[in-house]
Amino acid sequence: MDYLKLIRFPNLVIIALIQYLVKWCLIVPFGIPISLGPVDFLLLVCSTVLVAAGGYAINDYFDMQVDEINDASKVVVGKSIKRREAIIFHFILSGLGVVLGFYLAFKAGNINFGLLHLMAAGLLWFYSTQFKRQFLIGNLVISFLSALVPLMVPVFLITANISADNLYTAKIIFYLAAVYGGFAWLTTLMREIIKDLEDLQGDSSMGFQTLAISWGEKKAKNLLASLLVLTLLG
């Protein structure tokens, strides 16, 4: 249970559900040829989940001190899970996710697609070690990675099969996936700002320069309200 808590298991279920819904609700109904069969698509979902899980593990590894201040009840690294075990767990999860990503990129017809998994794993590492301590950068990185979750599905499934006959259909699919990605970006950015406000005390004591600390609570809440209105209008 502690390892499931470390990797935020409910969040991983949501990631998997999103990618399956994008396939079955946005791609399959259009009848466009798909590059990956059911087993390979399952592996694609697993690769995304593994990279995300590795990111959660390394985030808790580096945030042990600040989490003790913000909410000690949530801390598992250094208590029920040793720090050494947590970082090894991170490398195993992220490594498997990246390797699977390159394998599936090869199966999808473009090995370069595997760079998406490598980029995501790298960004999650630097988010945990540097970006989240800086003004807005960490928030934008996590929002970008959230937006990437639905977009990865058409990239891997239909890009290699685009032809003159189905180009218009492919554009519609990518447009719809991008719309969902945009909403994921906005809602995740709002959640990141809320987290900064919730963790204000601990982040401040550790010398972080998050948006809530740099701008103050009032301005951060005003930005949050503006993003909420923008999302509702969208």
# chains A, B, ... in the order shown; residues from 1 in each chain; ligands from 1
>>> residues_around(residues="A:Gln134", least_positions_apart="3", cutoff="12 Å", atoms="only C-alpha atoms", output="list of chain:residue names")
A:Phe126, A:Tyr127, A:Ser128, A:Thr129, A:Gln130, A:Phe131, A:Ile137, A:Gly138, A:Asn139, A:Leu140, A:Val141, A:Asp196, A:Asp203, A:Ser204, A:Met206, A:Gly207, A:Phe208, A:Gln209, A:Thr210, A:Leu211, A:Ala212, A:Ile213, A:Ser214
>>> closest_atom_pairs(of="stretch 51-74 of chain A", to="stretch 82-104 of chain A", cutoff="6 Å", atoms="only C-alpha atoms", output="JSON lines")
{"residue": "A:Val51", "atom": "CA", "partner": "A:Ser94", "partner_atom": "CA", "distance": 4.7}
{"residue": "A:Gly54", "atom": "CA", "partner": "A:His90", "partner_atom": "CA", "distance": 4.4}
{"residue": "A:Ala57", "atom": "CA", "partner": "A:His90", "partner_atom": "CA", "distance": 5.5}
{"residue": "A:Ile58", "atom": "CA", "partner": "A:His90", "partner_atom": "CA", "distance": 5.8}
>>> write_last_selection(atoms="N, CA and C atoms", output="short mmCIF file (atom, residue, chain, number, x, y, z; two decimals), in the first residue's frame")
data_model
loop_
_atom_site.label_atom_id
_atom_site.label_comp_id
_atom_site.auth_asym_id
_atom_site.auth_seq_id
_atom_site.Cartn_x
_atom_site.Cartn_y
_atom_site.Cartn_z
N VAL A 51 6.35 5.82 -16.64
CA VAL A 51 7.11 7.08 -16.58
C VAL A 51 6.49 8.01 -15.54
N GLY A 54 7.29 6.72 -12.06
CA GLY A 54 8.67 7.05 -11.72
C GLY A 54 8.83 8.50 -11.32
N ALA A 57 7.62 8.95 -7.78
CA ALA A 57 8.56 8.39 -6.82
C ALA A 57 9.74 9.33 -6.59
N ILE A 58 10.30 9.88 -7.66
CA ILE A 58 11.48 10.75 -7.51
C ILE A 58 11.07 12.09 -6.89
#
>>> closest_residue(among="A:Pro29, A:Pro10, A:Gly122, A:Gly114", to="A:Leu145", atoms="only C-alpha atoms")
A:Gly122
>>> closest_residue(among="A:Tyr56, A:Tyr20, A:Phe183, A:Trp215", to="A:Leu157", atoms="only C-alpha atoms")
A:Tyr20
>>> closest_residue(among="A:Ser146, A:Phe156, A:Lys132, A:Glu217", to="A:Ile15", atoms="only C-alpha atoms")
A:Ser146
>>> closest_residue(among="A:Ile34, A:Cys25, A:Cys46, A:Ile81", to="A:Met1", atoms="only C-alpha atoms")
A:Ile81
>>> closest_residue(among="A:Gly31, A:Pro154, A:Gly182, A:Gly202", to="A:Leu230", atoms="only C-alpha atoms")
A:Gly182
>>> decode(residues="stretch 178-199 of chain A", atoms="C-alpha atoms", output="PDB file, in the first residue's frame")
ATOM      1  CA  ALA A 178      -5.287  18.839 -28.799  1.00  0.00           C
ATOM      2  CA  VAL A 179      -8.503  20.327 -27.387  1.00  0.00           C
ATOM      3  CA  TYR A 180      -8.556  17.727 -24.628  1.00  0.00           C
ATOM      4  CA  GLY A 181      -4.835  18.312 -24.124  1.00  0.00           C
ATOM      5  CA  GLY A 182      -5.537  22.026 -23.758  1.00  0.00           C
ATOM      6  CA  PHE A 183      -8.099  21.390 -21.051  1.00  0.00           C
ATOM      7  CA  ALA A 184      -5.659  19.043 -19.329  1.00  0.00           C
ATOM      8  CA  TRP A 185      -3.043  21.813 -19.475  1.00  0.00           C
ATOM      9  CA  LEU A 186      -5.373  24.407 -17.946  1.00  0.00           C
ATOM     10  CA  THR A 187      -6.816  22.218 -15.184  1.00  0.00           C
ATOM     11  CA  THR A 188      -3.381  20.866 -14.239  1.00  0.00           C
ATOM     12  CA  LEU A 189      -1.940  24.383 -14.115  1.00  0.00           C
ATOM     13  CA  MET A 190      -4.746  25.382 -11.755  1.00  0.00           C
ATOM     14  CA  ARG A 191      -4.086  22.345  -9.576  1.00  0.00           C
ATOM     15  CA  GLU A 192      -0.365  23.181  -9.454  1.00  0.00           C
ATOM     16  CA  ILE A 193      -1.133  26.739  -8.305  1.00  0.00           C
ATOM     17  CA  ILE A 194      -3.480  25.362  -5.635  1.00  0.00           C
ATOM     18  CA  LYS A 195      -0.704  23.027  -4.455  1.00  0.00           C
ATOM     19  CA  ASP A 196       1.684  25.995  -4.248  1.00  0.00           C
ATOM     20  CA  LEU A 197      -0.844  27.822  -2.065  1.00  0.00           C
ATOM     21  CA  GLU A 198      -1.385  24.755   0.133  1.00  0.00           C
ATOM     22  CA  ASP A 199       2.370  24.213   0.551  1.00  0.00           C
TER      23      ASP A 199
END
